[in-house]
Each structure stands twice: as C-alpha cells, then as structure tokens.
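Novice: I have a structure here, written as structure tokens, and I will follow up with some questions on it.
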Amino acid sequence: MKKIAILGAGPAGIEAAAVLAANNCPVTLFEKEAQPLCNITDKAFLFPNFADAAEVAAAMRAKLDNPIITLRCNTEVAQLTPSYITGFQAENLTGTPVWKVNDELYDIVLLATGYTPFDARRKEELGYGIYPGVHTSLEMEKMIREGKIVNSLGESPKRIVFLQCVGSRDEKSGNHYCSKLCCVTAVKQAIEAKKQLPNCEVFVYYMDLRMWGQGFEEMYRTAQQEYGVNFIRGRISEAGGTFDGRVQIKAEDTLLGRPLKMTSDLLVLMVGMEASKGTRELATQCRICGEYGFAQTKDPHLHDCQSEAHGLFVAGACKRPMTLTDSINDGRSAAYEILTVGSINSTYEQ
Amino acid sequence: MANFGFKISTPRSIDLDNADRTLYEQMLEMVPSYRYCIGCGGCTATCSAGQFTDFNIRKTHFLFSRRQYDKLTTDMLPEVDLNKCMLCGKCSLVCPRGVNTRGLIVEMRKLLLN
Ligand code: SF4
Ligand code: SF4
Ligand code: SF4
C-alpha cells in the first residue's frame, strides 16, 4: 500500500483524507496550526445560507475520526522534494519519485496548503494600520462573531462602509485576478451588521458586484430589500482619519459622475486571497509554482487535481481563490484522482 | 426661409455608428494602457484639480473613448475642461488598472486642443 501525505488540514485536505480513508487508504494529514480548519473557525456565519461556521467546522472535523487518518497539528512542512528511485534520472520529473515530506518518505502527496488573506497594509492609501477606524474583513468577522461591532472609541457605530477588491483586481498590488468571494462576503457582513445594529447606515463600494454563486444574487437583493444596505459604484481611492477617530473616504459615484466624500465610523477593507506562504514555498520546491504563487495544475479542465510532477496532487485554494463549497468538492475530486491515477493499490510500476 | 423660431435639436444619444474612430485609435497607440480602464472612478476621486473645481478626469477619457470629441472641444463643459488638469499624476497612482491617466490628458490636449 502506498503512503499518502496530505499537506494542510483545511476543507480540501480534510475532505480528501475522509474519502481516501473511506476507501481504506491510510493517510497522514499535516497541519501547521494547532487546530485544523482555521479559515472556517474564524468566521461567524457562512454564505449563502448563514450556516453557523463553528457547526460546519465541527461536522468537517468529525470526518477525521477514523483510525487510519493520522492528524499531525503544529507540524509545518518546510521541505517537499521528489527523491528519485534508483534507475531514474534525478532531473526527470516524469519518473516515479517518492516524496520527501520533511524527513519522511511518501509515495503520494496532496498539496492542500490553501491561501492567506491579502495584507491590507500594502494599500497604504486606505489607511489600514494607520487609522483606528480602518479594519479588514477578518477583523469585522471577528466583531460579528463576538456580537460586538464597535468604532475606535468602543461605541456602537452609526455608519459602516465596506470597500471591495482590496488587493484583488489591482495592478498596484500585483494581483490582476478576482478573489471571487469578497463580494458576497461584504454582502453577508453588511446583512450581519444590520441585524446587530438596525439603526446603523451601511454602504458597500464596489467596482463590479460578482454574485456568481447559487444564492448570492438573492443575498444581494435581501441586503437591499430587507436591510436597506446602500450600494455605491465607485472605488474608494483614499481614506484618512478624522480628529474624532472616524474615517473620511473619497470616491467617485461613477453612476452619477460626481466625486463623493463621506465620513464613517468604520471602513472595512474586503481583503482578497493570496497563495499562502506554504503554497508558495512548497510549489516552488516541486517546480509547480504558477502565476501569483498559486500551485499550477496539469490542465485546468481535464487534470485540475494533478500536477506535472508524478505522485503530486493539488486541491483547494492553493490553486486559486475558492469558496468553501468548491474547496470541499475539490478535495473530493483530488481523492478520486489519487485513487485512480495514483494507482494507489499497486506498487511502483506505472 | 422664414424663421419660425424652431430648430432641429441634435439627438442626445451617442451614435457609435457614425463616430470617428481615428483619434481614438491614435490614442490607443500612444497610451496603450487606456484600453484597460474599468471605470472605477478612482482617478476622479483622488484628482487634485477635482478637489477645487468640478473637473472630472474619468468623464474626459470616457467621452474620448466614446468618440464624443466635441464635448471636450467646442462644448467645453467645465466638468471636462482639459486645461484644468495640473498634470500632477495622482490619478495614475490610484488607478487599479495601471492606466496612464496623466498621459491620456497630455495626449488629449495635443490631439484636441492644439
Ligand atoms: S469577488 Fe468582488 S470584491 Fe472580491 S475581487 Fe472579485 S470583484 Fe472584487
Ligand atoms: S482609476 Fe483607472 S480604471 Fe478607474 S476610472 Fe480611472 S482610469 Fe479607469
Ligand atoms: S494629473 Fe490631472 S487629472 Fe490627474 S490627478 Fe493630477 S490634476 Fe487630476
């Protein structure tokens, strides 16, 4: 039986582990954090159905309760290199390698090392880390989760402004791509904010609203219809602090063709998704590092869970921005590929 | 002919069938990044001239890309008066698409105002 390592205990890694274990394949799951699913457990509710994130995480966590799954938390994989069996040239990536994961050897590796949120400090003009009223969407999520949405003075805010596409679709950040889930996340958070603070005015500034998934457009409509969230088409180009700890923003209301200024207690920056440090480093070591540091798959249509390296598979947001639903499905697909293409029950011959 | 005090008003709609493409094409050659604009309005929001006047940089280059050259010349609407730009370049700094907006103004002035 081949040895399988899964790097990253996020939604894709866990789902793949569960499917492989259900097919009697023992797997070892490496996680650098102390707990799996950190990018789910830091959320309050999940779009599009406002499911409780903690409950969803618990249900996913339960899939790991299988004696043939070994979960190793607090274990960062710093080294992932193909180590070639005698008879194959060291440079021949199409040969049959065994993979060196830190100091152990594995026949099959699934890279599921995920994403990292864009560091909002890189958009200095938006004032994150400079003005106390400027927050990232992650900090907003934490306030929602704790039921304590407050301004910089610790008071209940009268106005909240969300800004889309921070670190995505932005030449200056070096990221041309769309992060896919910040649009719907802003709508979700706007609704949550209105639920908790019905008298607070909420604005969402957007360049395009990408409500592409099932239920997303309906959430957008609900935000307008039931919660009175205001949507303004224009990119906030600058934010500054006011003497009383609030934030003044500048944008153009492009639908009216007029510049616009407003002051808000909170400015929430919807930060995009970038390849995580682990994704960047490990993909580079195995020579499958693609654009923007995401892992490159063999073919976007036909072999999207395989890589060019034999025995190395890829799943989830280490490939591109992906929603939770898509990551779970992708983990499942990767497990199927491992079971079939990985010729898991045979020995080394191809 | 007797003057009855009527005149035929020019249609308000943008007529892309009879628009002259040449100037626009010329502009794309000189400022290739022009074609990447997604109309976010960041340039207008940050524009130095726009802080003190009603100058709207995004409208100037939108009118140009829709071949509404006369709006920028004979009509000389204050909103799109190219002379108001101070060429400070702040607009280019915030553009998410990396459009050379200041370059656009310089070239529009050359093509239209000289
Ligand atoms: S999902 Fe929306 S906010 Fe996020 S990058 Fe795409 S367009 Fe921008
Ligand atoms: S900032 Fe750039 S993309 Fe936005 S409207 Fe101006 S030129 Fe177009
Ligand atoms: S270069 Fe001209 S259009 Fe651009 S910000 Fe300066 S004044 Fe405004």
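Residues are referred to by chain and number: the chain letter is A, B, ... according to the order shown in the structure tokens, the number counts from 1 in that chain, and ligands are numbered separately from 1 in the order shown.
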Quick check for you: according to DSSP on this backbone, which residues of stretch 60-171 of chain A are classed as strand (DSSP E)? Reply as a ChimeraX atom specification.

Specialist: /A:69-72,80-84,97-101,104-106,108-111,115-117,134-136,159-166

Novice: Report as JSON lines: every residue of chain A with an atom at most 12 Å from ligand 2, its closest pair of atoms, and their distance in Å to one decimal, counting only C-alpha atoms and all ligand atoms, with rows sorted by chain and ascending residue number.

Specialist:
```
{"residue": "A:Arg169", "atom": "CA", "partner": "ligand 2", "partner_atom_place_in_ligand_line": "3 (S)", "distance": 10.2}
{"residue": "A:Asp170", "atom": "CA", "partner": "ligand 2", "partner_atom_place_in_ligand_line": "3 (S)", "distance": 9.5}
{"residue": "A:Glu171", "atom": "CA", "partner": "ligand 2", "partner_atom_place_in_ligand_line": "3 (S)", "distance": 10.0}
{"residue": "A:Lys172", "atom": "CA", "partner": "ligand 2", "partner_atom_place_in_ligand_line": "2 (Fe)", "distance": 11.1}
{"residue": "A:Tyr206", "atom": "CA", "partner": "ligand 2", "partner_atom_place_in_ligand_line": "4 (Fe)", "distance": 11.6}
{"residue": "A:Met207", "atom": "CA", "partner": "ligand 2", "partner_atom_place_in_ligand_line": "4 (Fe)", "distance": 8.8}
{"residue": "A:Asp208", "atom": "CA", "partner": "ligand 2", "partner_atom_place_in_ligand_line": "4 (Fe)", "distance": 11.8}
{"residue": "A:Arg233", "atom": "CA", "partner": "ligand 2", "partner_atom_place_in_ligand_line": "5 (S)", "distance": 11.2}
{"residue": "A:Gly234", "atom": "CA", "partner": "ligand 2", "partner_atom_place_in_ligand_line": "4 (Fe)", "distance": 8.4}
{"residue": "A:Arg235", "atom": "CA", "partner": "ligand 2", "partner_atom_place_in_ligand_line": "4 (Fe)", "distance": 7.5}
{"residue": "A:Ile236", "atom": "CA", "partner": "ligand 2", "partner_atom_place_in_ligand_line": "1 (S)", "distance": 10.0}
{"residue": "A:Ser237", "atom": "CA", "partner": "ligand 2", "partner_atom_place_in_ligand_line": "1 (S)", "distance": 8.3}
{"residue": "A:Glu238", "atom": "CA", "partner": "ligand 2", "partner_atom_place_in_ligand_line": "1 (S)", "distance": 11.9}
{"residue": "A:Ala251", "atom": "CA", "partner": "ligand 2", "partner_atom_place_in_ligand_line": "1 (S)", "distance": 10.2}
{"residue": "A:Glu252", "atom": "CA", "partner": "ligand 2", "partner_atom_place_in_ligand_line": "5 (S)", "distance": 9.0}
{"residue": "A:Asp253", "atom": "CA", "partner": "ligand 2", "partner_atom_place_in_ligand_line": "5 (S)", "distance": 10.9}
{"residue": "A:Thr254", "atom": "CA", "partner": "ligand 2", "partner_atom_place_in_ligand_line": "5 (S)", "distance": 8.4}
{"residue": "A:Leu255", "atom": "CA", "partner": "ligand 2", "partner_atom_place_in_ligand_line": "5 (S)", "distance": 11.7}
{"residue": "A:Gly257", "atom": "CA", "partner": "ligand 2", "partner_atom_place_in_ligand_line": "5 (S)", "distance": 10.6}
{"residue": "A:Pro259", "atom": "CA", "partner": "ligand 2", "partner_atom_place_in_ligand_line": "5 (S)", "distance": 11.9}
```

Novice: I want to know what sits within 12 Å of B:Asp54, based on only C-alpha atoms, with residues of the same chain fewer than 2 positions away left out; could you give that as a list in words?

Specialist: Gly257, Arg258, Pro259 and Leu260 of chain A; Thr44, Ala45, Cys47, Ser48, Ala49, Gly50, Gln51, Phe52, Asn56, Ile57, Arg58, Lys59, Thr60, Leu77, Pro78, Glu79, Val80, Asp81, Leu82, Lys84 and Cys85 of chain B

Novice: Take the residues from that selection and write them out as a short mmCIF file (atom, residue, chain, number, x, y, z; two decimals), in the first residue's frame, keeping C-alpha atoms.

Specialist:
```cif
data_model
loop_
_atom_site.label_atom_id
_atom_site.label_comp_id
_atom_site.auth_asym_id
_atom_site.auth_seq_id
_atom_site.Cartn_x
_atom_site.Cartn_y
_atom_site.Cartn_z
CA GLY A 257 -20.32 61.03 -12.46
CA ARG A 258 -19.58 63.06 -9.35
CA PRO A 259 -16.89 62.88 -6.70
CA LEU A 260 -18.16 61.90 -3.31
CA THR B 44 -11.70 61.26 -10.29
CA ALA B 45 -11.95 60.70 -6.55
CA CYS B 47 -7.75 64.12 -8.69
CA SER B 48 -6.07 67.27 -7.35
CA ALA B 49 -7.92 69.54 -9.77
CA GLY B 50 -11.18 67.85 -8.86
CA GLN B 51 -10.78 68.89 -5.22
CA PHE B 52 -11.19 72.56 -6.13
CA ASN B 56 -13.86 65.02 -13.70
CA ILE B 57 -10.94 63.18 -15.28
CA ARG B 58 -12.81 59.92 -15.75
CA LYS B 59 -15.50 61.73 -17.74
CA THR B 60 -12.90 63.29 -20.02
CA LEU B 77 -18.17 71.76 -20.46
CA PRO B 78 -16.40 72.92 -17.29
CA GLU B 79 -16.51 69.35 -15.97
CA VAL B 80 -14.32 68.15 -18.78
CA ASP B 81 -12.16 71.18 -19.45
CA LEU B 82 -8.79 69.58 -20.09
CA LYS B 84 -7.95 72.29 -15.55
CA CYS B 85 -5.62 69.33 -15.12
#
```

Novice: Fewer than 3 positions away in the same chain doesn't count, so skip those; otherwise give me all residues within 8 Å of A:Met322, counting only C-alpha atoms, as a count of residues only.

Specialist: 7

Novice: Neighbouring residues of A:Leu105 were defined as those with any atom within 10 Å, considering only C-alpha atoms; residues of the same chain fewer than 4 positions away were excluded. Please report them as a list in words.

Specialist: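 Surrounding residues, per the criterion: Lys3, Ile4, Ala5, Leu80, Thr81, Pro82, Ser83, Pro97, Val98, Trp99, Lys100, Val101 and Val109 of chain A.
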
Novice: Counting only C-alpha atoms, which residue out of A:Val341, A:Leu256, A:Leu29, A:Ala16 sits closest to chain B?

Specialist: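 Among the listed residues, the smallest separation from chain B belongs to A:Leu256.
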
Novice: Enumerate residues in contact with ligand 1: an atom-to-atom distance of at most 10 Å, counting only C-alpha atoms and all ligand atoms. Format the result as a ChimeraX atom specification.

Specialist: /A:162-170,175-186,205-212,269-273,321

Novice: Extract, using only C-alpha atoms, all DNA, RNA and protein residues at most 10 Å from A:Phe45, discarding same-chain residues fewer than 5 positions from it, and format them as JSON, numbers by chain.

Specialist: {"A": [40, 50, 51, 52, 53, 54, 55, 56, 141, 144, 145, 185, 188, 189, 192]}

Novice: Take the selection from the previous step and output its residues with all heavy atoms, as a short mmCIF file (atom, residue, chain, number, x, y, z; two decimals), in the first residue's frame.

Specialist:
```
data_model
loop_
_atom_site.label_atom_id
_atom_site.label_comp_id
_atom_site.auth_asym_id
_atom_site.auth_seq_id
_atom_site.Cartn_x
_atom_site.Cartn_y
_atom_site.Cartn_z
N ILE A 40 -12.05 28.51 8.72
CA ILE A 40 -13.51 28.39 8.89
C ILE A 40 -13.87 28.80 10.31
O ILE A 40 -14.84 29.52 10.53
CB ILE A 40 -13.99 26.93 8.65
CG1 ILE A 40 -13.50 26.40 7.31
CG2 ILE A 40 -15.52 26.84 8.74
CD1 ILE A 40 -13.98 27.14 6.11
N PHE A 50 -26.09 31.43 5.75
CA PHE A 50 -25.86 31.86 7.14
C PHE A 50 -25.72 30.68 8.10
O PHE A 50 -26.14 30.74 9.23
CB PHE A 50 -26.95 32.85 7.59
CG PHE A 50 -26.86 34.15 6.85
CD1 PHE A 50 -27.53 34.34 5.64
CD2 PHE A 50 -26.05 35.17 7.33
CE1 PHE A 50 -27.41 35.52 4.94
CE2 PHE A 50 -25.93 36.36 6.62
CZ PHE A 50 -26.61 36.53 5.42
N ALA A 51 -25.12 29.61 7.59
CA ALA A 51 -24.86 28.47 8.45
C ALA A 51 -23.84 28.88 9.51
O ALA A 51 -22.95 29.68 9.24
CB ALA A 51 -24.30 27.31 7.62
N ASP A 52 -23.99 28.33 10.70
CA ASP A 52 -23.07 28.61 11.78
C ASP A 52 -21.70 27.99 11.44
O ASP A 52 -21.59 26.78 11.28
CB ASP A 52 -23.65 28.01 13.07
CG ASP A 52 -22.81 28.36 14.28
OD1 ASP A 52 -21.55 28.32 14.17
OD2 ASP A 52 -23.40 28.68 15.33
N ALA A 53 -20.69 28.84 11.33
CA ALA A 53 -19.37 28.35 10.87
C ALA A 53 -18.80 27.29 11.83
O ALA A 53 -18.19 26.31 11.40
CB ALA A 53 -18.41 29.51 10.73
N ALA A 54 -19.03 27.48 13.13
CA ALA A 54 -18.48 26.54 14.12
C ALA A 54 -19.10 25.15 13.92
O ALA A 54 -18.42 24.13 14.01
CB ALA A 54 -18.74 27.05 15.52
N GLU A 55 -20.41 25.14 13.61
CA GLU A 55 -21.08 23.85 13.41
C GLU A 55 -20.57 23.14 12.16
O GLU A 55 -20.34 21.94 12.16
CB GLU A 55 -22.60 24.05 13.28
CG GLU A 55 -23.29 24.19 14.61
CD GLU A 55 -24.77 24.55 14.45
OE1 GLU A 55 -25.36 24.25 13.39
OE2 GLU A 55 -25.31 25.16 15.40
N VAL A 56 -20.40 23.93 11.10
CA VAL A 56 -19.90 23.34 9.85
C VAL A 56 -18.48 22.79 10.09
O VAL A 56 -18.15 21.68 9.67
CB VAL A 56 -19.90 24.39 8.71
CG1 VAL A 56 -19.23 23.83 7.46
CG2 VAL A 56 -21.33 24.82 8.39
N GLU A 141 -15.32 40.26 10.75
CA GLU A 141 -15.94 38.95 11.00
C GLU A 141 -15.84 38.60 12.49
O GLU A 141 -16.77 38.08 13.09
CB GLU A 141 -15.23 37.89 10.14
CG GLU A 141 -15.92 36.55 10.09
CD GLU A 141 -17.19 36.53 9.25
OE1 GLU A 141 -17.29 37.29 8.26
OE2 GLU A 141 -18.10 35.74 9.58
N ILE A 144 -18.34 40.56 14.39
CA ILE A 144 -19.68 39.99 14.18
C ILE A 144 -19.84 38.73 15.03
O ILE A 144 -20.85 38.53 15.70
CB ILE A 144 -19.91 39.66 12.68
CG1 ILE A 144 -20.00 40.96 11.87
CG2 ILE A 144 -21.15 38.82 12.48
CD1 ILE A 144 -20.00 40.77 10.37
N ARG A 145 -18.78 37.91 15.02
CA ARG A 145 -18.84 36.64 15.76
C ARG A 145 -19.03 36.90 17.26
O ARG A 145 -19.78 36.21 17.93
CB ARG A 145 -17.55 35.86 15.52
CG ARG A 145 -17.70 34.37 15.72
CD ARG A 145 -16.42 33.63 15.35
NE ARG A 145 -15.34 33.90 16.27
CZ ARG A 145 -14.12 34.29 15.91
NH1 ARG A 145 -13.83 34.45 14.65
NH2 ARG A 145 -13.20 34.51 16.81
N THR A 185 -19.04 38.11 0.54
CA THR A 185 -18.72 38.25 1.96
C THR A 185 -19.11 39.64 2.46
O THR A 185 -19.64 39.78 3.57
CB THR A 185 -17.21 38.00 2.20
OG1 THR A 185 -16.89 36.69 1.74
CG2 THR A 185 -16.85 38.10 3.67
N LYS A 188 -22.76 39.61 2.95
CA LYS A 188 -23.05 38.84 4.17
C LYS A 188 -22.78 39.67 5.42
O LYS A 188 -23.62 39.76 6.32
CB LYS A 188 -22.18 37.57 4.18
CG LYS A 188 -22.37 36.70 5.40
CD LYS A 188 -21.23 35.69 5.57
CE LYS A 188 -20.01 36.35 6.20
NZ LYS A 188 -18.93 35.38 6.53
N GLN A 189 -21.61 40.32 5.44
CA GLN A 189 -21.26 41.10 6.63
C GLN A 189 -22.15 42.33 6.78
O GLN A 189 -22.48 42.72 7.90
CB GLN A 189 -19.78 41.52 6.57
CG GLN A 189 -18.85 40.32 6.67
CD GLN A 189 -17.38 40.71 6.88
OE1 GLN A 189 -16.99 41.85 6.64
NE2 GLN A 189 -16.57 39.75 7.31
N GLU A 192 -25.25 41.07 8.35
CA GLU A 192 -24.99 40.77 9.76
C GLU A 192 -24.91 42.05 10.58
O GLU A 192 -25.43 42.11 11.69
CB GLU A 192 -23.67 39.99 9.90
CG GLU A 192 -23.78 38.52 9.55
CD GLU A 192 -24.82 37.80 10.38
OE1 GLU A 192 -25.04 38.18 11.55
OE2 GLU A 192 -25.45 36.86 9.86
#
```

Novice: What is the atom CA of A:Thr323 to atom CA of A:Phe294 distance in Å?

Specialist: 15.4 Å

Novice: Could you state the separation of atom CA of A:Ile6 and atom CA of A:Ala112 in Å, given to one decimal place?

Specialist: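 Computed distance, atom CA of A:Ile6 to atom CA of A:Ala112, equals 6.9 Å.
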
Novice: Would you please work out which residue, of A:Pro198, A:Gly174, A:Gly10, A:Gly278, is nearest to chain B when using only C-alpha atoms?

Specialist: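 Looking at the shortest contact to chain B, the residue is A:Gly174.
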
Novice: Give the residues of chain B that lie within 8 Å of chain A; count only C-alpha atoms, and format the answer as a list in words.

Specialist: Ile38, Gly39, Cys40, Gly41, Gly42, Cys43, Thr44, Ala45, Thr46, Gly50, Asn56, Lys59, Val94, Cys95, Pro96, Arg97 and Gly98 of chain B

Novice: Excluding same-chain residues fewer than 3 positions from stretch 307-313 of chain A, what lies within 9 Å of it counting only C-alpha atoms, as a count of residues only?

Specialist: 29

Novice: Report the distance between atom CA of A:Leu153 and atom CA of A:Asp42 in Å, rounded to one decimal place.

Specialist: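 It comes out at 23.8 Å.
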
Novice: DSSP on the backbone, then: every residue of stretch 26-196 of chain A marked alpha helix (DSSP H), written as a VMD selection string.

Specialist: chain A and resid 38 to 41 53 to 62 137 to 145 182 to 196
